[in-house]
Amino acid sequence: MRVRELQDMMHRIYFHRDSERGEVGTFDWLVEEVGELGEALKEKNMKAMEDEFADVLAWLASLANVVKVDLEKATTTKYNNRCPRCGQTPCGCSLLRKCK
Ligand SMILES: [Zn+2]
């Protein structure tokens, strides 16, 4: 599944609710799911990790739908098969500084 297909699927399933909840409410849900992913990682619980990765991706797509950002286009434009900071693949940035 391409990123656009995922985002379209979330639009079909949830946009009527996401648009009503709005940007702030949907962002809050995304943050909640990121927290739950962190807990699953700490527990090293593979089933929980799979569930939470799916939820984080779903809520990220929902939020992008609410604010009308095309995730596939945005990500492809920014990353385009190389690190946007150093321009290399694989990234050659220092581990001491975060890529952005
Ligand atoms: Zn880099």
# chains A, B, ... in the order shown; residues from 1 in each chain; ligands from 1
call {"tool": "residues_near_ligand", "arguments": {"ligand": "ligand 1", "cutoff": "6 Å", "atoms": "only C-alpha atoms and all ligand atoms", "output": "PyMOL selection string"}}
result
chain A and resi 83+85-86+91-93+99
call {"tool": "write_last_selection", "arguments": {"atoms": "N, CA, C and O atoms", "output": "compact mmCIF listing (two decimals), in the first residue's frame"}}
result
# COMPACT_ATOMS: atom_id res chain seq x y z
N CYS A 83 19.01 11.95 2.69
CA CYS A 83 18.84 12.74 3.92
C CYS A 83 18.73 14.22 3.52
O CYS A 83 19.59 14.73 2.80
N ARG A 85 19.26 16.77 5.19
CA ARG A 85 20.28 17.60 5.84
C ARG A 85 21.63 17.50 5.12
O ARG A 85 22.20 18.49 4.72
N CYS A 86 22.12 16.26 4.95
CA CYS A 86 23.45 16.08 4.36
C CYS A 86 23.37 15.71 2.88
O CYS A 86 24.39 15.73 2.18
N CYS A 91 22.50 8.32 5.25
CA CYS A 91 22.79 9.59 5.93
C CYS A 91 24.19 9.57 6.54
O CYS A 91 24.59 8.60 7.17
N GLY A 92 24.91 10.66 6.32
CA GLY A 92 26.25 10.77 6.89
C GLY A 92 26.32 11.79 8.02
O GLY A 92 27.42 12.17 8.43
N CYS A 93 25.18 12.22 8.54
CA CYS A 93 25.17 13.21 9.61
C CYS A 93 25.76 12.62 10.90
O CYS A 93 25.67 11.42 11.13
N CYS A 99 18.86 14.62 12.47
CA CYS A 99 18.53 14.99 11.09
C CYS A 99 17.19 15.71 11.13
O CYS A 99 16.38 15.46 12.00
call {"tool": "atom_distance", "arguments": {"atom1": "CA of Val31 (chain A)", "atom2": "CA of Ala54 (chain A)"}}
result
13.6 Å
call {"tool": "residues_around", "arguments": {"residues": "region 71-76 of chain A", "least_positions_apart": "3", "cutoff": "9 Å", "atoms": "only C-alpha atoms", "output": "NGL selection string"}}
result
:A and (2-4 or 7 or 60-61 or 64-65 or 79-81)
call {"tool": "write_last_selection", "arguments": {"atoms": "N, CA, C and O atoms", "output": "short mmCIF file (atom, residue, chain, number, x, y, z; two decimals), in the first residue's frame"}}
result
data_model
loop_
_atom_site.label_atom_id
_atom_site.label_comp_id
_atom_site.auth_asym_id
_atom_site.auth_seq_id
_atom_site.Cartn_x
_atom_site.Cartn_y
_atom_site.Cartn_z
N ARG A 2 0.57 2.16 -0.89
CA ARG A 2 1.31 3.41 -0.93
C ARG A 2 0.80 4.35 0.17
O ARG A 2 -0.30 4.16 0.69
N VAL A 3 1.60 5.33 0.50
CA VAL A 3 1.20 6.27 1.55
C VAL A 3 -0.12 6.95 1.17
O VAL A 3 -1.01 7.12 2.00
N ARG A 4 -0.25 7.32 -0.11
CA ARG A 4 -1.48 7.98 -0.56
C ARG A 4 -2.69 7.08 -0.39
O ARG A 4 -3.77 7.53 0.00
N GLN A 7 -3.60 7.07 3.26
CA GLN A 7 -4.26 8.32 3.65
C GLN A 7 -5.69 8.36 3.10
O GLN A 7 -6.62 8.78 3.80
N LEU A 60 -1.75 9.77 12.26
CA LEU A 60 -0.95 10.73 11.49
C LEU A 60 -1.66 11.04 10.16
O LEU A 60 -1.77 12.20 9.76
N ALA A 61 -2.15 9.98 9.51
CA ALA A 61 -2.88 10.17 8.25
C ALA A 61 -4.17 10.94 8.48
O ALA A 61 -4.53 11.82 7.69
N ALA A 64 -3.30 14.57 8.91
CA ALA A 64 -2.94 15.14 7.59
C ALA A 64 -4.21 15.40 6.78
O ALA A 64 -4.31 16.43 6.10
N ASN A 65 -5.20 14.51 6.88
CA ASN A 65 -6.46 14.73 6.16
C ASN A 65 -7.18 15.97 6.67
O ASN A 65 -7.70 16.76 5.89
N TYR A 79 12.24 14.09 1.56
CA TYR A 79 13.28 13.06 1.68
C TYR A 79 13.84 12.58 0.35
O TYR A 79 15.03 12.37 0.25
N ASN A 80 13.04 12.43 -0.67
CA ASN A 80 13.49 12.13 -2.03
C ASN A 80 14.73 11.24 -2.11
O ASN A 80 15.72 11.57 -2.77
N ASN A 81 14.69 10.13 -1.39
CA ASN A 81 15.77 9.13 -1.42
C ASN A 81 17.11 9.60 -0.88
O ASN A 81 18.15 9.03 -1.23
#
call {"tool": "atom_distance", "arguments": {"atom1": "CA of Ala40 (chain A)", "atom2": "CA of Glu52 (chain A)"}}
result
7.4 Å
call {"tool": "residues_around", "arguments": {"residues": "Trp59 (chain A)", "least_positions_apart": "4", "cutoff": "12 Å", "atoms": "only C-alpha atoms", "output": "PyMOL selection string"}}
result
chain A and resi 6-7+9-11+13-15+18+23+25-34+52-55+63-66
call {"tool": "decode", "arguments": {"residues": "region 59-89 of chain A", "atoms": "N, CA, C and O atoms", "output": "PDB file, in the first residue's frame"}}
result
ATOM      1  N   TRP A  59      -3.463   7.677  12.848  1.00  0.00           N
ATOM      2  CA  TRP A  59      -3.780   9.013  13.373  1.00  0.00           C
ATOM      3  C   TRP A  59      -2.973  10.096  12.678  1.00  0.00           C
ATOM      4  O   TRP A  59      -3.453  11.217  12.485  1.00  0.00           O
ATOM      5  N   LEU A  60      -1.751   9.770  12.262  1.00  0.00           N
ATOM      6  CA  LEU A  60      -0.955  10.731  11.493  1.00  0.00           C
ATOM      7  C   LEU A  60      -1.655  11.036  10.162  1.00  0.00           C
ATOM      8  O   LEU A  60      -1.773  12.201   9.759  1.00  0.00           O
ATOM      9  N   ALA A  61      -2.155   9.985   9.514  1.00  0.00           N
ATOM     10  CA  ALA A  61      -2.878  10.173   8.251  1.00  0.00           C
ATOM     11  C   ALA A  61      -4.175  10.942   8.484  1.00  0.00           C
ATOM     12  O   ALA A  61      -4.533  11.819   7.692  1.00  0.00           O
ATOM     13  N   SER A  62      -4.870  10.653   9.589  1.00  0.00           N
ATOM     14  CA  SER A  62      -6.099  11.387   9.909  1.00  0.00           C
ATOM     15  C   SER A  62      -5.817  12.871  10.092  1.00  0.00           C
ATOM     16  O   SER A  62      -6.538  13.726   9.563  1.00  0.00           O
ATOM     17  N   LEU A  63      -4.766  13.174  10.826  1.00  0.00           N
ATOM     18  CA  LEU A  63      -4.417  14.581  11.059  1.00  0.00           C
ATOM     19  C   LEU A  63      -4.053  15.271   9.744  1.00  0.00           C
ATOM     20  O   LEU A  63      -4.477  16.398   9.488  1.00  0.00           O
ATOM     21  N   ALA A  64      -3.295  14.573   8.908  1.00  0.00           N
ATOM     22  CA  ALA A  64      -2.942  15.137   7.592  1.00  0.00           C
ATOM     23  C   ALA A  64      -4.206  15.402   6.777  1.00  0.00           C
ATOM     24  O   ALA A  64      -4.306  16.434   6.104  1.00  0.00           O
ATOM     25  N   ASN A  65      -5.196  14.506   6.877  1.00  0.00           N
ATOM     26  CA  ASN A  65      -6.459  14.726   6.161  1.00  0.00           C
ATOM     27  C   ASN A  65      -7.179  15.973   6.673  1.00  0.00           C
ATOM     28  O   ASN A  65      -7.698  16.758   5.889  1.00  0.00           O
ATOM     29  N   VAL A  66      -7.191  16.143   7.980  1.00  0.00           N
ATOM     30  CA  VAL A  66      -7.895  17.291   8.561  1.00  0.00           C
ATOM     31  C   VAL A  66      -7.276  18.607   8.082  1.00  0.00           C
ATOM     32  O   VAL A  66      -7.992  19.558   7.760  1.00  0.00           O
ATOM     33  N   VAL A  67      -5.944  18.659   8.019  1.00  0.00           N
ATOM     34  CA  VAL A  67      -5.281  19.916   7.621  1.00  0.00           C
ATOM     35  C   VAL A  67      -4.935  19.937   6.121  1.00  0.00           C
ATOM     36  O   VAL A  67      -4.250  20.839   5.651  1.00  0.00           O
ATOM     37  N   LYS A  68      -5.415  18.900   5.400  1.00  0.00           N
ATOM     38  CA  LYS A  68      -5.245  18.819   3.943  1.00  0.00           C
ATOM     39  C   LYS A  68      -3.778  18.827   3.488  1.00  0.00           C
ATOM     40  O   LYS A  68      -3.391  19.551   2.568  1.00  0.00           O
ATOM     41  N   VAL A  69      -2.975  18.024   4.192  1.00  0.00           N
ATOM     42  CA  VAL A  69      -1.584  17.802   3.776  1.00  0.00           C
ATOM     43  C   VAL A  69      -1.510  16.438   3.092  1.00  0.00           C
ATOM     44  O   VAL A  69      -2.024  15.456   3.633  1.00  0.00           O
ATOM     45  N   ASP A  70      -0.896  16.401   1.922  1.00  0.00           N
ATOM     46  CA  ASP A  70      -0.678  15.150   1.197  1.00  0.00           C
ATOM     47  C   ASP A  70       0.619  14.541   1.735  1.00  0.00           C
ATOM     48  O   ASP A  70       1.709  15.003   1.421  1.00  0.00           O
ATOM     49  N   LEU A  71       0.464  13.521   2.576  1.00  0.00           N
ATOM     50  CA  LEU A  71       1.623  12.922   3.257  1.00  0.00           C
ATOM     51  C   LEU A  71       2.645  12.363   2.285  1.00  0.00           C
ATOM     52  O   LEU A  71       3.851  12.516   2.473  1.00  0.00           O
ATOM     53  N   GLU A  72       2.174  11.689   1.244  1.00  0.00           N
ATOM     54  CA  GLU A  72       3.108  11.084   0.284  1.00  0.00           C
ATOM     55  C   GLU A  72       3.903  12.170  -0.432  1.00  0.00           C
ATOM     56  O   GLU A  72       5.125  12.084  -0.558  1.00  0.00           O
ATOM     57  N   LYS A  73       3.214  13.200  -0.862  1.00  0.00           N
ATOM     58  CA  LYS A  73       3.882  14.297  -1.573  1.00  0.00           C
ATOM     59  C   LYS A  73       4.869  15.025  -0.640  1.00  0.00           C
ATOM     60  O   LYS A  73       6.013  15.290  -1.022  1.00  0.00           O
ATOM     61  N   ALA A  74       4.418  15.318   0.580  1.00  0.00           N
ATOM     62  CA  ALA A  74       5.268  16.041   1.526  1.00  0.00           C
ATOM     63  C   ALA A  74       6.527  15.240   1.855  1.00  0.00           C
ATOM     64  O   ALA A  74       7.637  15.784   1.879  1.00  0.00           O
ATOM     65  N   THR A  75       6.349  13.936   2.086  1.00  0.00           N
ATOM     66  CA  THR A  75       7.484  13.099   2.471  1.00  0.00           C
ATOM     67  C   THR A  75       8.437  12.891   1.303  1.00  0.00           C
ATOM     68  O   THR A  75       9.665  12.967   1.462  1.00  0.00           O
ATOM     69  N   THR A  76       7.876  12.662   0.125  1.00  0.00           N
ATOM     70  CA  THR A  76       8.714  12.473  -1.063  1.00  0.00           C
ATOM     71  C   THR A  76       9.481  13.749  -1.390  1.00  0.00           C
ATOM     72  O   THR A  76      10.668  13.709  -1.723  1.00  0.00           O
ATOM     73  N   THR A  77       8.817  14.880  -1.269  1.00  0.00           N
ATOM     74  CA  THR A  77       9.474  16.161  -1.539  1.00  0.00           C
ATOM     75  C   THR A  77      10.617  16.391  -0.559  1.00  0.00           C
ATOM     76  O   THR A  77      11.718  16.791  -0.952  1.00  0.00           O
ATOM     77  N   LYS A  78      10.378  16.108   0.706  1.00  0.00           N
ATOM     78  CA  LYS A  78      11.408  16.382   1.713  1.00  0.00           C
ATOM     79  C   LYS A  78      12.545  15.371   1.668  1.00  0.00           C
ATOM     80  O   LYS A  78      13.709  15.739   1.729  1.00  0.00           O
ATOM     81  N   TYR A  79      12.235  14.090   1.557  1.00  0.00           N
ATOM     82  CA  TYR A  79      13.281  13.059   1.683  1.00  0.00           C
ATOM     83  C   TYR A  79      13.844  12.582   0.353  1.00  0.00           C
ATOM     84  O   TYR A  79      15.034  12.367   0.250  1.00  0.00           O
ATOM     85  N   ASN A  80      13.039  12.429  -0.669  1.00  0.00           N
ATOM     86  CA  ASN A  80      13.490  12.135  -2.031  1.00  0.00           C
ATOM     87  C   ASN A  80      14.730  11.242  -2.109  1.00  0.00           C
ATOM     88  O   ASN A  80      15.722  11.574  -2.766  1.00  0.00           O
ATOM     89  N   ASN A  81      14.687  10.134  -1.395  1.00  0.00           N
ATOM     90  CA  ASN A  81      15.766   9.129  -1.418  1.00  0.00           C
ATOM     91  C   ASN A  81      17.106   9.599  -0.885  1.00  0.00           C
ATOM     92  O   ASN A  81      18.147   9.034  -1.230  1.00  0.00           O
ATOM     93  N   ARG A  82      17.102  10.639  -0.068  1.00  0.00           N
ATOM     94  CA  ARG A  82      18.355  11.072   0.557  1.00  0.00           C
ATOM     95  C   ARG A  82      18.014  11.878   1.809  1.00  0.00           C
ATOM     96  O   ARG A  82      16.911  12.395   1.955  1.00  0.00           O
ATOM     97  N   CYS A  83      19.011  11.946   2.693  1.00  0.00           N
ATOM     98  CA  CYS A  83      18.840  12.739   3.915  1.00  0.00           C
ATOM     99  C   CYS A  83      18.731  14.215   3.516  1.00  0.00           C
ATOM    100  O   CYS A  83      19.594  14.732   2.800  1.00  0.00           O
ATOM    101  N   PRO A  84      17.666  14.904   3.961  1.00  0.00           N
ATOM    102  CA  PRO A  84      17.512  16.310   3.563  1.00  0.00           C
ATOM    103  C   PRO A  84      18.576  17.227   4.162  1.00  0.00           C
ATOM    104  O   PRO A  84      18.804  18.329   3.666  1.00  0.00           O
ATOM    105  N   ARG A  85      19.265  16.766   5.193  1.00  0.00           N
ATOM    106  CA  ARG A  85      20.275  17.604   5.836  1.00  0.00           C
ATOM    107  C   ARG A  85      21.630  17.496   5.118  1.00  0.00           C
ATOM    108  O   ARG A  85      22.205  18.489   4.717  1.00  0.00           O
ATOM    109  N   CYS A  86      22.115  16.259   4.952  1.00  0.00           N
ATOM    110  CA  CYS A  86      23.447  16.075   4.360  1.00  0.00           C
ATOM    111  C   CYS A  86      23.375  15.707   2.878  1.00  0.00           C
ATOM    112  O   CYS A  86      24.391  15.732   2.182  1.00  0.00           O
ATOM    113  N   GLY A  87      22.191  15.330   2.416  1.00  0.00           N
ATOM    114  CA  GLY A  87      22.008  14.990   1.005  1.00  0.00           C
ATOM    115  C   GLY A  87      22.514  13.614   0.630  1.00  0.00           C
ATOM    116  O   GLY A  87      22.589  13.277  -0.542  1.00  0.00           O
ATOM    117  N   GLN A  88      22.883  12.785   1.624  1.00  0.00           N
ATOM    118  CA  GLN A  88      23.462  11.474   1.326  1.00  0.00           C
ATOM    119  C   GLN A  88      22.504  10.328   1.627  1.00  0.00           C
ATOM    120  O   GLN A  88      21.611  10.439   2.449  1.00  0.00           O
ATOM    121  N   THR A  89      22.774   9.198   0.951  1.00  0.00           N
ATOM    122  CA  THR A  89      22.117   7.924   1.245  1.00  0.00           C
ATOM    123  C   THR A  89      23.192   6.851   1.293  1.00  0.00           C
ATOM    124  O   THR A  89      23.853   6.631   0.278  1.00  0.00           O
TER     125      THR A  89
END
